[in-house]
>>> print(open('start.cif').read())   # mmCIF, C-alpha atoms and all ligand atoms
data_data
loop_
_atom_site.label_atom_id
_atom_site.label_comp_id
_atom_site.auth_asym_id
_atom_site.auth_seq_id
_atom_site.Cartn_x
_atom_site.Cartn_y
_atom_site.Cartn_z
CA MET K 13 101.49 87.71 98.03
CA LYS K 14 99.54 85.70 100.57
CA LEU K 15 96.85 83.65 98.87
CA PRO K 16 93.95 83.62 98.76
CA VAL K 17 93.66 87.41 98.55
CA TYR K 18 91.14 88.42 101.19
CA LEU K 19 88.19 90.25 99.65
CA ASP K 20 85.61 89.26 102.23
CA ASN K 21 85.90 92.11 104.73
CA ALA K 22 82.12 92.38 104.99
CA ALA K 23 82.08 88.90 106.53
CA THR K 24 84.74 89.86 109.02
CA THR K 25 87.78 92.10 109.10
CA PRO K 26 91.24 91.12 110.27
CA MET K 27 92.05 92.71 113.63
CA ASP K 28 94.12 95.84 113.56
CA PRO K 29 97.33 94.92 115.43
CA LYS K 30 96.95 98.13 117.48
CA VAL K 31 93.64 96.77 118.76
CA LEU K 32 95.20 93.51 119.91
CA GLU K 33 98.01 95.40 121.64
CA GLU K 34 95.46 97.43 123.59
CA MET K 35 93.52 94.31 124.61
CA LEU K 36 96.38 92.10 125.81
CA PRO K 37 96.87 93.59 129.31
CA TYR K 38 93.17 92.98 130.02
CA PHE K 39 93.63 89.24 129.58
CA LEU K 40 96.64 89.18 131.88
CA GLU K 41 97.55 91.67 134.61
CA ASN K 42 94.34 93.74 134.34
CA PHE K 43 91.99 90.77 134.57
CA GLY K 44 89.57 92.30 137.05
CA ASN K 45 85.78 92.15 136.92
CA ALA K 46 84.47 95.60 135.97
CA ALA K 47 81.65 95.15 138.49
CA SER K 48 84.00 94.56 141.44
CA ASN K 49 83.89 97.93 143.15
CA SER K 50 85.87 97.17 146.29
CA HIS K 51 89.41 96.87 144.93
CA VAL K 52 91.82 98.15 142.33
CA TYR K 53 91.44 95.14 140.01
CA GLY K 54 87.81 96.01 139.54
CA TRP K 55 88.45 99.76 139.30
CA THR K 56 91.06 99.26 136.58
CA ALA K 57 88.69 97.14 134.53
CA SER K 58 85.82 99.54 135.08
CA GLU K 59 87.92 102.53 134.00
CA ALA K 60 88.90 100.72 130.81
CA VAL K 61 85.22 100.02 130.09
CA ASP K 62 84.40 103.70 130.65
CA ILE K 63 87.05 104.76 128.15
CA ALA K 64 85.81 102.23 125.58
CA ARG K 65 82.23 103.42 126.06
CA GLU K 66 83.38 106.95 125.24
CA GLN K 67 85.29 105.76 122.19
CA VAL K 68 82.28 103.87 120.82
CA ALA K 69 79.93 106.78 121.54
CA GLU K 70 82.31 109.22 119.91
CA LEU K 71 82.35 107.31 116.61
CA ILE K 72 78.57 107.55 116.21
CA GLY K 73 77.91 110.91 117.89
CA ALA K 74 76.19 109.37 120.93
CA HIS K 75 76.54 109.93 124.66
CA PRO K 76 78.53 107.21 126.48
CA SER K 77 75.53 106.40 128.68
CA GLU K 78 73.63 105.40 125.52
CA ILE K 79 75.97 102.50 124.70
CA VAL K 80 75.02 98.96 125.79
CA PHE K 81 77.71 96.33 125.27
CA THR K 82 76.56 93.02 123.79
CA SER K 83 78.16 89.96 122.22
CA GLY K 84 77.79 91.34 118.71
CA ALA K 85 75.33 92.73 116.23
CA THR K 86 73.07 89.67 116.24
CA GLU K 87 72.48 90.11 119.96
CA SER K 88 72.09 93.89 119.61
CA ILE K 89 69.45 93.34 116.94
CA ASN K 90 67.57 90.82 119.10
CA LEU K 91 67.72 93.21 122.04
CA ALA K 92 66.48 96.17 120.00
CA ILE K 93 63.56 94.45 118.28
CA LYS K 94 62.40 92.10 121.06
CA GLY K 95 63.16 94.75 123.66
CA VAL K 96 60.85 97.28 121.97
CA PHE K 97 58.21 94.70 121.08
CA GLU K 98 57.90 93.60 124.72
CA ASN K 99 58.13 97.04 126.23
CA TYR K 100 55.74 98.93 123.95
CA LYS K 101 52.97 96.30 123.87
CA GLU K 102 50.41 98.75 125.16
CA LYS K 103 51.12 101.13 122.31
CA GLY K 104 50.96 98.54 119.55
CA ASN K 105 52.35 95.34 118.07
CA HIS K 106 53.35 96.28 114.53
CA ILE K 107 56.90 96.48 113.17
CA ILE K 108 58.00 97.61 109.72
CA THR K 109 61.19 96.25 108.19
CA CYS K 110 62.49 95.44 104.73
CA VAL K 111 63.04 92.28 102.67
CA THR K 112 66.78 92.84 102.21
CA GLU K 113 67.64 92.96 105.92
CA HIS K 114 70.22 90.62 107.44
CA ARG K 115 68.88 87.29 108.71
CA ALA K 116 69.41 88.48 112.27
CA VAL K 117 66.66 91.06 111.69
CA LEU K 118 64.43 88.86 109.54
CA ASP K 119 64.55 85.91 111.94
CA THR K 120 63.91 88.15 114.95
CA CYS K 121 60.92 89.61 113.11
CA GLU K 122 59.69 86.08 112.49
CA TRP K 123 59.93 85.51 116.24
CA VAL K 124 57.81 88.65 116.71
CA GLU K 125 55.18 87.25 114.33
CA ASN K 126 55.17 83.93 116.18
CA THR K 127 54.68 85.81 119.43
CA GLY K 128 51.54 87.62 118.33
CA GLY K 129 53.06 90.63 116.59
CA LYS K 130 52.62 91.86 113.04
CA VAL K 131 55.45 92.64 110.65
CA THR K 132 55.42 94.43 107.30
CA TYR K 133 58.31 93.59 105.00
CA LEU K 134 58.83 96.48 102.58
CA PRO K 135 60.06 95.62 99.08
CA VAL K 136 63.01 97.44 97.53
CA ASN K 137 63.44 99.00 94.10
CA PRO K 138 65.94 97.46 91.62
CA GLU K 139 68.67 99.53 93.28
CA GLY K 140 67.94 97.88 96.62
CA VAL K 141 66.44 100.99 98.23
CA ILE K 142 63.04 101.20 99.96
CA GLU K 143 60.44 103.67 98.72
CA LEU K 144 59.55 106.24 101.37
CA THR K 145 55.93 106.46 100.24
CA GLU K 146 55.57 102.72 100.75
CA LEU K 147 57.05 103.10 104.20
CA GLU K 148 54.62 105.85 105.12
CA ASN K 149 51.68 103.88 103.69
CA ALA K 150 52.64 100.88 105.82
CA ILE K 151 52.41 102.84 109.08
CA THR K 152 49.32 102.06 111.18
CA SER K 153 48.14 103.20 114.60
CA GLN K 154 49.70 99.97 115.91
CA THR K 155 53.20 100.60 114.53
CA ILE K 156 55.82 100.80 117.28
CA LEU K 157 59.08 100.27 115.40
CA ILE K 158 60.70 100.80 112.02
CA SER K 159 63.76 98.57 111.58
CA ILE K 160 65.71 99.43 108.43
CA MET K 161 69.40 98.69 107.99
CA PHE K 162 71.86 101.48 107.33
CA ALA K 163 73.77 99.67 104.59
CA ASN K 164 73.28 96.27 103.07
CA ASN K 165 75.89 93.59 103.76
CA GLU K 166 75.69 92.01 100.29
CA THR K 167 75.55 95.06 98.04
CA GLY K 168 76.65 97.97 100.24
CA THR K 169 73.50 99.89 99.29
CA ILE K 170 72.69 102.65 101.78
CA GLN K 171 69.08 103.27 102.79
CA PRO K 172 67.76 106.85 103.17
CA VAL K 173 68.06 106.74 106.96
CA GLU K 174 67.64 110.47 107.51
CA GLU K 175 64.32 110.52 105.65
CA ILE K 176 63.22 107.33 107.39
CA SER K 177 63.95 108.86 110.78
CA LYS K 178 61.97 111.98 109.87
CA LEU K 179 58.97 109.85 108.97
CA ALA K 180 59.35 107.85 112.15
CA ARG K 181 59.49 111.07 114.22
CA LYS K 182 56.47 112.51 112.46
CA HIS K 183 54.41 109.47 113.42
CA GLY K 184 55.89 108.99 116.91
CA ILE K 185 57.46 105.64 116.02
CA LEU K 186 60.89 104.41 117.10
CA PHE K 187 63.57 103.87 114.46
CA PHE K 188 66.20 101.16 114.79
CA SER K 189 68.95 100.80 112.21
CA ASP K 190 71.24 97.80 111.87
CA ALA K 191 74.42 99.69 111.03
CA THR K 192 76.77 96.72 111.37
CA GLN K 193 78.31 97.26 107.93
CA ALA K 194 78.26 101.04 107.96
CA VAL K 195 79.82 101.99 111.30
CA GLY K 196 83.46 102.90 110.85
CA LYS K 197 83.13 102.87 107.05
CA ILE K 198 81.21 106.13 106.61
CA LEU K 199 80.35 109.07 108.82
CA ILE K 200 77.42 108.28 111.12
CA ASP K 201 75.83 110.59 113.65
CA VAL K 202 72.87 109.19 115.53
CA ASN K 203 71.52 112.69 116.15
CA GLU K 204 71.89 114.02 112.63
CA ASP K 205 70.72 110.74 111.11
CA GLY K 206 67.99 110.45 113.73
CA MET K 207 68.25 106.85 114.91
CA ASP K 208 66.70 105.82 118.24
CA MET K 209 68.68 102.59 118.31
CA LEU K 210 71.63 101.35 116.27
CA SER K 211 73.56 98.06 116.23
CA LEU K 212 77.27 97.63 115.59
CA SER K 213 79.84 94.86 115.83
CA ALA K 214 83.58 94.99 116.56
CA HIS K 215 84.65 92.29 114.10
CA LYS K 216 83.38 94.31 111.14
CA LEU K 217 85.60 97.27 112.05
CA TYR K 218 88.98 95.65 112.76
CA GLY K 219 88.13 94.66 116.32
CA PRO K 220 87.65 91.23 117.92
CA LYS K 221 84.79 88.82 117.37
CA GLY K 222 82.13 88.28 120.03
CA ILE K 223 81.68 91.89 121.09
CA GLY K 224 79.36 94.60 119.86
CA ALA K 225 77.04 97.30 121.08
CA LEU K 226 73.55 98.67 120.87
CA TYR K 227 73.04 102.41 120.94
CA VAL K 228 69.84 103.25 122.86
CA ARG K 229 68.68 106.89 122.81
CA ARG K 230 68.32 108.37 126.29
CA ARG K 231 66.33 111.53 125.48
CA ASN K 232 64.03 112.99 122.80
CA PRO K 233 62.66 110.37 123.11
CA LYS K 234 64.01 108.18 125.89
CA VAL K 235 63.86 104.60 124.60
CA ASN K 236 62.99 101.87 127.07
CA ILE K 237 63.72 98.29 126.11
CA SER K 238 63.13 95.05 127.98
CA SER K 239 66.23 93.10 128.79
CA GLN K 240 66.64 89.80 126.95
CA ILE K 241 69.39 88.39 129.15
CA HIS K 242 68.52 88.51 132.83
CA GLY K 243 70.94 88.44 135.72
CA GLY K 244 73.04 90.86 137.69
CA GLY K 245 71.59 94.01 136.16
CA HIS K 246 74.68 95.04 134.21
CA GLU K 247 74.47 97.66 131.47
CA LYS K 248 71.70 99.58 133.21
CA ASN K 249 69.66 96.42 133.48
CA MET K 250 69.47 96.08 129.70
CA ARG K 251 72.05 93.29 129.35
CA SER K 252 73.22 91.25 132.29
CA GLY K 253 76.43 89.26 132.46
CA THR K 254 80.01 89.97 133.50
CA LEU K 255 81.45 92.41 131.00
CA ASN K 256 83.89 91.09 128.39
CA VAL K 257 86.54 93.62 129.35
CA PRO K 258 89.25 92.69 126.80
CA GLY K 259 86.62 92.60 124.06
CA ILE K 260 85.18 95.94 125.12
CA VAL K 261 88.65 97.50 125.22
CA GLY K 262 89.22 96.12 121.71
CA LEU K 263 85.93 97.48 120.42
CA GLY K 264 86.73 100.88 121.93
CA LYS K 265 90.19 101.01 120.37
CA ALA K 266 88.84 99.82 117.01
CA CYS K 267 86.27 102.64 117.10
CA GLU K 268 88.91 105.18 118.02
CA ILE K 269 91.05 104.14 115.06
CA CYS K 270 88.05 104.18 112.70
CA LYS K 271 87.20 107.68 113.85
CA MET K 272 90.74 108.84 113.04
CA GLU K 273 90.75 107.05 109.69
CA LEU K 274 87.32 108.25 108.57
CA GLU K 275 88.70 111.23 106.72
CA SER K 276 90.98 109.35 104.36
CA GLU K 277 90.28 105.61 104.54
CA PRO K 278 86.86 105.47 102.82
CA GLY K 279 88.17 107.42 99.84
CA ALA K 280 91.26 105.26 99.51
CA VAL K 281 89.26 102.03 99.78
CA ALA K 282 86.74 103.30 97.23
CA VAL K 283 89.51 103.96 94.70
CA LEU K 284 90.55 100.28 94.89
CA ARG K 285 86.96 99.04 94.90
CA ASN K 286 86.14 101.17 91.85
CA LEU K 287 89.19 99.84 90.02
CA LEU K 288 88.19 96.24 90.76
CA GLU K 289 84.63 96.89 89.71
CA ARG K 290 85.49 98.83 86.57
CA GLU K 291 87.91 96.18 85.35
CA LEU K 292 85.55 93.27 86.03
CA LEU K 293 82.60 95.05 84.44
CA LYS K 294 84.62 95.40 81.22
CA MET K 295 84.03 91.68 80.74
CA GLU K 296 81.00 90.69 78.74
CA GLY K 297 78.07 89.24 80.63
CA THR K 298 78.76 91.01 83.90
CA LYS K 299 76.46 93.26 85.87
CA LYS K 300 76.80 95.30 89.05
CA ASN K 301 74.12 94.78 91.70
CA GLY K 302 72.76 97.50 93.98
CA SER K 303 72.85 101.27 93.95
CA MET K 304 75.79 103.01 92.29
CA GLU K 305 75.18 106.32 94.09
CA ASN K 306 74.21 105.45 97.63
CA ARG K 307 76.62 102.83 98.79
CA LEU K 308 79.47 101.94 101.09
CA PRO K 309 82.98 102.54 99.76
CA ASN K 310 84.20 98.98 100.32
CA ILE K 311 81.67 96.57 98.77
CA THR K 312 80.83 95.57 95.24
CA ASN K 313 78.52 92.80 94.08
CA ILE K 314 78.85 91.52 90.53
CA SER K 315 76.85 88.96 88.57
CA PHE K 316 78.58 86.77 86.01
CA GLU K 317 76.33 85.43 83.28
CA HIS K 318 76.87 82.10 81.50
CA VAL K 319 78.74 80.44 84.37
CA ASN K 320 77.95 77.79 86.94
CA GLY K 321 78.15 79.85 90.12
CA GLU K 322 78.92 76.92 92.40
CA ALA K 323 81.75 75.60 90.22
CA LEU K 324 83.13 79.08 89.59
CA LEU K 325 83.29 79.84 93.30
CA LEU K 326 85.22 76.60 93.85
CA GLU K 327 87.70 77.62 91.18
CA ILE K 328 88.11 81.13 92.55
CA CYS K 329 88.34 80.35 96.25
CA SER K 330 91.93 79.15 96.35
CA GLU K 331 93.03 82.44 94.78
CA ILE K 332 90.56 85.04 96.02
CA ALA K 333 88.35 84.91 99.11
CA VAL K 334 84.98 86.24 97.97
CA SER K 335 81.48 85.24 98.95
CA ARG K 336 78.00 84.63 97.71
CA GLY K 337 75.46 86.19 100.02
CA SER K 338 76.28 86.74 103.66
CA ALA K 339 78.69 84.58 105.60
CA CYS K 340 76.04 83.12 107.84
CA SER K 341 74.07 81.75 104.93
CA SER K 342 76.86 81.01 102.47
CA VAL K 343 76.95 77.31 103.38
CA THR K 344 73.53 77.00 101.84
CA THR K 345 73.27 76.93 98.09
CA LYS K 346 70.05 78.92 98.17
CA PRO K 347 70.13 82.08 96.08
CA SER K 348 70.58 85.27 98.07
CA HIS K 349 67.29 86.77 99.29
CA VAL K 350 68.85 90.21 98.81
CA LEU K 351 69.68 89.72 95.14
CA LYS K 352 66.32 88.08 94.49
CA ALA K 353 64.63 91.14 96.01
CA LEU K 354 66.53 93.25 93.47
CA GLY K 355 64.91 91.20 90.72
CA LEU K 356 67.69 88.73 89.86
CA SER K 357 66.78 85.20 88.74
CA ASP K 358 67.85 82.28 90.96
CA THR K 359 70.57 81.33 88.46
CA LEU K 360 72.01 84.83 88.23
CA ALA K 361 71.84 85.31 92.00
CA LEU K 362 73.83 82.09 92.40
CA SER K 363 76.52 83.34 90.04
CA SER K 364 76.94 86.70 91.76
CA PHE K 365 79.80 87.46 94.09
CA ARG K 366 80.29 89.98 96.82
CA MET K 367 83.77 91.41 97.01
CA SER K 368 84.51 93.54 100.04
CA LEU K 369 87.72 95.44 100.62
CA GLY K 370 89.20 96.85 103.78
CA ARG K 371 91.90 98.83 105.50
CA PHE K 372 94.60 96.30 104.59
CA THR K 373 93.67 95.71 100.94
CA THR K 374 96.47 96.76 98.57
CA LEU K 375 96.63 97.83 94.94
CA SER K 376 98.66 94.75 94.01
CA GLN K 377 96.02 92.51 95.60
CA ILE K 378 93.33 94.19 93.51
CA GLU K 379 95.41 93.91 90.32
CA TYR K 380 95.94 90.23 91.08
CA ALA K 381 92.23 89.74 91.76
CA VAL K 382 91.21 91.41 88.50
CA GLN K 383 93.62 89.33 86.46
CA THR K 384 92.78 86.07 88.22
CA ILE K 385 89.01 86.45 88.17
CA ARG K 386 89.07 87.43 84.48
CA THR K 387 91.15 84.40 83.54
CA ILE K 388 89.13 81.97 85.65
CA VAL K 389 85.79 83.27 84.37
CA GLU K 390 86.93 83.17 80.73
CA ASN K 391 88.34 79.62 81.06
CA HIS K 392 85.25 78.52 82.87
CA ARG K 393 82.98 79.92 80.19
CA SER K 394 84.93 78.34 77.34
CA ASN K 395 84.90 74.97 79.16
CA MET K 396 81.14 75.19 79.49
CA HIS K 397 80.66 75.37 75.71
C1 LIG F 401 74.17 93.81 108.28
C2 LIG F 401 74.58 92.82 109.34
N1 LIG F 401 73.83 92.72 110.44
C3 LIG F 401 74.16 91.85 111.41
C4 LIG F 401 75.25 91.04 111.34
C5 LIG F 401 75.57 90.09 112.46
O1 LIG F 401 76.70 90.53 113.15
P1 LIG F 401 77.45 89.66 114.26
O2 LIG F 401 78.32 88.72 113.52
O3 LIG F 401 78.23 90.65 115.05
O4 LIG F 401 76.42 88.98 115.07
C6 LIG F 401 76.06 91.11 110.20
C7 LIG F 401 77.22 90.23 110.05
O5 LIG F 401 77.22 89.29 109.29
C8 LIG F 401 75.71 92.03 109.17
O6 LIG F 401 76.44 92.14 108.07
#
>>> encode(input="start.cif", output="C-alpha cells")
Amino acid sequence: MKLPVYLDNAATTPMDPKVLEEMLPYFLENFGNAASNSHVYGWTASEAVDIAREQVAELIGAHPSEIVFTSGATESINLAIKGVFENYKEKGNHIITCVTEHRAVLDTCEWVENTGGKVTYLPVNPEGVIELTELENAITSQTILISIMFANNETGTIQPVEEISKLARKHGILFFSDATQAVGKILIDVNEDGMDMLSLSAHKLYGPKGIGALYVRRRNPKVNISSQIHGGGHEKNMRSGTLNVPGIVGLGKACEICKMELESEPGAVAVLRNLLERELLKMEGTKKNGSMENRLPNITNISFEHVNGEALLLEICSEIAVSRGSACSSVTTKPSHVLKALGLSDTLALSSFRMSLGRFTTLSQIEYAVQTIRTIVENHRSNMH
C-alpha cells in the first residue's frame, strides 16, 4: 500500500487518468487559441471549449451559456461577490454570509467592507447549519446578495440551500452558493436548488488544478456582474484572458465522469467514510463534528480529546494524509474558525482532524487508517501521562 494513505480529498483530488488522457491533445497538436476564428486551430479549440461548457452545465442543471470559466473557485467567488457588489450599488450595499464560509468568501467580504459595503456574518448552530429565521431577520432594504456555501469544506455539513433560495427570491435578493466541495459529490440542480450563482473547481472533482467555473443565471432573474479581470472581453465580457483550453477540456471531462458516477459513487464512498468514522468514534474521548444528517458522503471531522493536536498530526502524517482545517490555512497553527463556530474550544479544535475520502479510496486503505490512527492516538495518550 502506498503510504501515506491519502485521506485529504477535500484539499484536492488526484486527477482521474481519463481526464488527463482527454487533455493531452490540447497541449500538443490541438494547441490553438479558442478565440482565433480564422483558422482550424482556433476552431478545434473553440469546439472543445463548447463541449466542456455543455459538460459542466449538464452536471449542475444549467444552460451552457451560463458557465463562465475561471482559474478556480477562489476566482469564481471573487467574481460573484465583487461582481454583484459593484453592479448592484444602486440597489444596495449589504451582503449576508456565514461565519463558517471558506476564507475565499470571508476575505472577499472583508474587501467589500473595506470598500464601503456592509456584511452580516450569520452564526451557525452546533451542527454547523445557519438558522433560517436569523437569515430572514438579517435582510434589510439594502441587501443585494446572500452568499452561503453549499457544503462546508471542513465538516461536510450541507446548508439548507433550497430554503435559502426561497427566502432570497421572496425578498428579491440574489443567492450565490460556493459549491466547491459539493459539485460532483451530490446531486445539484441550480434550478431546483434555486441558486443565481454557484462556484466550482476542477481540482476538487478529479480534474486539473487552476481551472474552475462560475455559474451565472441568465434568466428569472438575469444576473449581471461586473468583470474583475479586464481585457479582450472573453467569457461574455465577464472574465477576460485567453482560455485555458486543456484545463477547460479537463474540467469538462471531470464533470462528465462525475455525472455518470453520481448514482453509485456517493453511496460507495459513504460506506467507507461511515466505517472509518464508526471505528474511530469507538475510541474514548472522540467526538464527531458537524451535522450527521445533512452532510457530504466523503468527509468526516473528528476531535480527539487528551492529545496534543500538533504532535499527533506529526505522528500521523507519515502514515495517513489528513488535515486540520482547510488546506489554505493549515500552515497556521490557529484553531479552525469553522470548528470554533460550532462551539469547540481552541484546544479541541486544534486536536480535530478532517478526513476526506474519494473515488480512489479503498477498503484496505480505510482499514489501515483505522488501525494506524487508533494505535498512534493510544500510544500518544499513554506517553502524555
Ligand atoms: C469550500 C471551498 N471554497 C473555495 C475553495 C477554493 O478553491 P480553489 O482552490 O479552486 O481556489 C475551496 C478549496 O479549498 C473550498 O473548499
>>> atom_distance(input="start.cif", atom1="atom CA of Gly262 of chain K", atom2="atom CA of Glu275 of chain K")
21.3 Å
>>> closest_residue(input="start.cif", among="K:Ile311, K:Met13, K:Val61, K:Leu255", to="ligand LIG 401 (chain F)", atoms="all atoms listed in the file")
K:Ile311
>>> closest_atom_pairs(input="start.cif", of="chain K", to="ligand LIG 401 (chain F)", cutoff="6 Å", atoms="all atoms listed in the file", output="tab-separated table")
residue	atom	partner	partner_atom	distance
K:Ala23	CA	F:LIG401	O5	5.6
K:Gly84	CA	F:LIG401	O3	3.8
K:Ala85	CA	F:LIG401	O3	3.8
K:Thr86	CA	F:LIG401	O4	3.6
K:His114	CA	F:LIG401	N1	5.1
K:Ala116	CA	F:LIG401	C3	5.9
K:Asn164	CA	F:LIG401	C1	5.8
K:Asn165	CA	F:LIG401	O6	4.6
K:Asp190	CA	F:LIG401	N1	5.9
K:Thr192	CA	F:LIG401	C2	4.9
K:Gln193	CA	F:LIG401	C1	5.4
K:Ser213	CA	F:LIG401	O3	4.6
>>> residues_around(input="start.cif", residues="Gly196 of chain K", least_positions_apart="4", cutoff="12 Å", atoms="all atoms listed in the file", output="mmCIF file with C-alpha atoms, in the coordinates of the input")
data_model
loop_
_atom_site.group_PDB
_atom_site.id
_atom_site.type_symbol
_atom_site.label_atom_id
_atom_site.label_comp_id
_atom_site.auth_asym_id
_atom_site.auth_seq_id
_atom_site.Cartn_x
_atom_site.Cartn_y
_atom_site.Cartn_z
ATOM 1 C CA THR K 25 87.780 92.100 109.100
ATOM 2 C CA GLN K 67 85.290 105.760 122.190
ATOM 3 C CA VAL K 68 82.280 103.870 120.820
ATOM 4 C CA ALA K 69 79.930 106.780 121.540
ATOM 5 C CA GLU K 70 82.310 109.220 119.910
ATOM 6 C CA LEU K 71 82.350 107.310 116.610
ATOM 7 C CA ILE K 72 78.570 107.550 116.210
ATOM 8 C CA ALA K 163 73.770 99.670 104.590
ATOM 9 C CA ALA K 191 74.420 99.690 111.030
ATOM 10 C CA THR K 192 76.770 96.720 111.370
ATOM 11 C CA ILE K 200 77.420 108.280 111.120
ATOM 12 C CA ASP K 201 75.830 110.590 113.650
ATOM 13 C CA LEU K 212 77.270 97.630 115.590
ATOM 14 C CA SER K 213 79.840 94.860 115.830
ATOM 15 C CA ALA K 214 83.580 94.990 116.560
ATOM 16 C CA HIS K 215 84.650 92.290 114.100
ATOM 17 C CA LYS K 216 83.380 94.310 111.140
ATOM 18 C CA LEU K 217 85.600 97.270 112.050
ATOM 19 C CA TYR K 218 88.980 95.650 112.760
ATOM 20 C CA GLY K 219 88.130 94.660 116.320
ATOM 21 C CA LEU K 263 85.930 97.480 120.420
ATOM 22 C CA GLY K 264 86.730 100.880 121.930
ATOM 23 C CA LYS K 265 90.190 101.010 120.370
ATOM 24 C CA ALA K 266 88.840 99.820 117.010
ATOM 25 C CA CYS K 267 86.270 102.640 117.100
ATOM 26 C CA GLU K 268 88.910 105.180 118.020
ATOM 27 C CA ILE K 269 91.050 104.140 115.060
ATOM 28 C CA CYS K 270 88.050 104.180 112.700
ATOM 29 C CA LYS K 271 87.200 107.680 113.850
ATOM 30 C CA MET K 272 90.740 108.840 113.040
ATOM 31 C CA GLU K 273 90.750 107.050 109.690
ATOM 32 C CA LEU K 274 87.320 108.250 108.570
ATOM 33 C CA GLU K 275 88.700 111.230 106.720
ATOM 34 C CA SER K 276 90.980 109.350 104.360
ATOM 35 C CA GLU K 277 90.280 105.610 104.540
ATOM 36 C CA PRO K 278 86.860 105.470 102.820
ATOM 37 C CA LEU K 308 79.470 101.940 101.090
ATOM 38 C CA PRO K 309 82.980 102.540 99.760
ATOM 39 C CA ASN K 310 84.200 98.980 100.320
ATOM 40 C CA GLY K 370 89.200 96.850 103.780
ATOM 41 C CA ARG K 371 91.900 98.830 105.500
#
>>> residues_around(input="start.cif", residues="Tyr38 of chain K", least_positions_apart="3", cutoff="10 Å", atoms="all atoms listed in the file", output="PyMOL selection string")
chain K and resi 33-35+41-44+56-57+60+256-262
>>> closest_residue(input="start.cif", among="K:Tyr133, K:Tyr18, K:Tyr53, K:Phe188", to="Val111 of chain K", atoms="only C-alpha atoms")
K:Tyr133
>>> closest_residue(input="start.cif", among="K:Leu118, K:Ile142, K:Ala361, K:Ile388", to="Leu326 of chain K", atoms="all atoms listed in the file")
K:Ile388
>>> residues_around(input="start.cif", residues="Leu91 of chain K", least_positions_apart="6", cutoff="8 Å", atoms="all atoms listed in the file", output="PDB file with C-alpha atoms, in the coordinates of the input")
ATOM      1  CA  ILE K 237      63.720  98.290 126.110  1.00  0.00           C
ATOM      2  CA  SER K 238      63.130  95.050 127.980  1.00  0.00           C
ATOM      3  CA  SER K 239      66.230  93.100 128.790  1.00  0.00           C
ATOM      4  CA  GLN K 240      66.640  89.800 126.950  1.00  0.00           C
TER       5      GLN K 240
END
>>> atom_distance(input="start.cif", atom1="atom CA of Val319 of chain K", atom2="atom CA of Arg393 of chain K")
6.0 Å
>>> closest_residue(input="start.cif", among="K:Gly253, K:Leu375, K:Gly73, K:Lys221", to="Met27 of chain K", atoms="all atoms listed in the file")
K:Lys221
>>> atom_distance(input="start.cif", atom1="atom CA of Val17 of chain K", atom2="atom CA of Pro29 of chain K")
18.8 Å
>>> residues_around(input="start.cif", residues="segment 94-96 of chain K", least_positions_apart="6", cutoff="9 Å", atoms="only C-alpha atoms", output="PyMOL selection string")
chain K and resi 120-121+123-124+156-157+186+235-240+250
>>> axis_aligned_box(input="start.cif", around="segment 155-164 of chain K", padding_each_side="5 Å", output="JSON")
{"center_x": 63.5, "center_y": 98.9, "center_z": 110.2, "size_x": 30.6, "size_y": 15.2, "size_z": 24.2}
>>> closest_residue(input="start.cif", among="K:Thr374, K:Ser177, K:Ser363, K:Thr152", to="Arg285 of chain K", atoms="all atoms listed in the file")
K:Thr374
>>> closest_residue(input="start.cif", among="K:Ile185, K:Ala46, K:Val136, K:Val131", to="Tyr100 of chain K", atoms="only C-alpha atoms")
K:Ile185
>>> residues_around(input="start.cif", residues="Phe365 of chain K", least_positions_apart="6", cutoff="12 Å", atoms="all atoms listed in the file", output="JSON list (two decimals) with C-alpha atoms, in the coordinates of the input")
[["chain", "number", "residue", "atom", "x", "y", "z"],
["K", 19, "LEU", "CA", 88.19, 90.25, 99.65],
["K", 20, "ASP", "CA", 85.61, 89.26, 102.23],
["K", 166, "GLU", "CA", 75.69, 92.01, 100.29],
["K", 167, "THR", "CA", 75.55, 95.06, 98.04],
["K", 289, "GLU", "CA", 84.63, 96.89, 89.71],
["K", 292, "LEU", "CA", 85.55, 93.27, 86.03],
["K", 298, "THR", "CA", 78.76, 91.01, 83.90],
["K", 299, "LYS", "CA", 76.46, 93.26, 85.87],
["K", 300, "LYS", "CA", 76.80, 95.30, 89.05],
["K", 301, "ASN", "CA", 74.12, 94.78, 91.70],
["K", 311, "ILE", "CA", 81.67, 96.57, 98.77],
["K", 312, "THR", "CA", 80.83, 95.57, 95.24],
["K", 313, "ASN", "CA", 78.52, 92.80, 94.08],
["K", 314, "ILE", "CA", 78.85, 91.52, 90.53],
["K", 315, "SER", "CA", 76.85, 88.96, 88.57],
["K", 316, "PHE", "CA", 78.58, 86.77, 86.01],
["K", 317, "GLU", "CA", 76.33, 85.43, 83.28],
["K", 321, "GLY", "CA", 78.15, 79.85, 90.12],
["K", 322, "GLU", "CA", 78.92, 76.92, 92.40],
["K", 324, "LEU", "CA", 83.13, 79.08, 89.59],
["K", 325, "LEU", "CA", 83.29, 79.84, 93.30],
["K", 328, "ILE", "CA", 88.11, 81.13, 92.55],
["K", 329, "CYS", "CA", 88.34, 80.35, 96.25],
["K", 332, "ILE", "CA", 90.56, 85.04, 96.02],
["K", 333, "ALA", "CA", 88.35, 84.91, 99.11],
["K", 334, "VAL", "CA", 84.98, 86.24, 97.97],
["K", 335, "SER", "CA", 81.48, 85.24, 98.95],
["K", 336, "ARG", "CA", 78.00, 84.63, 97.71],
["K", 337, "GLY", "CA", 75.46, 86.19, 100.02],
["K", 338, "SER", "CA", 76.28, 86.74, 103.66],
["K", 339, "ALA", "CA", 78.69, 84.58, 105.60],
["K", 342, "SER", "CA", 76.86, 81.01, 102.47],
["K", 347, "PRO", "CA", 70.13, 82.08, 96.08],
["K", 348, "SER", "CA", 70.58, 85.27, 98.07],
["K", 351, "LEU", "CA", 69.68, 89.72, 95.14],
["K", 385, "ILE", "CA", 89.01, 86.45, 88.17]]
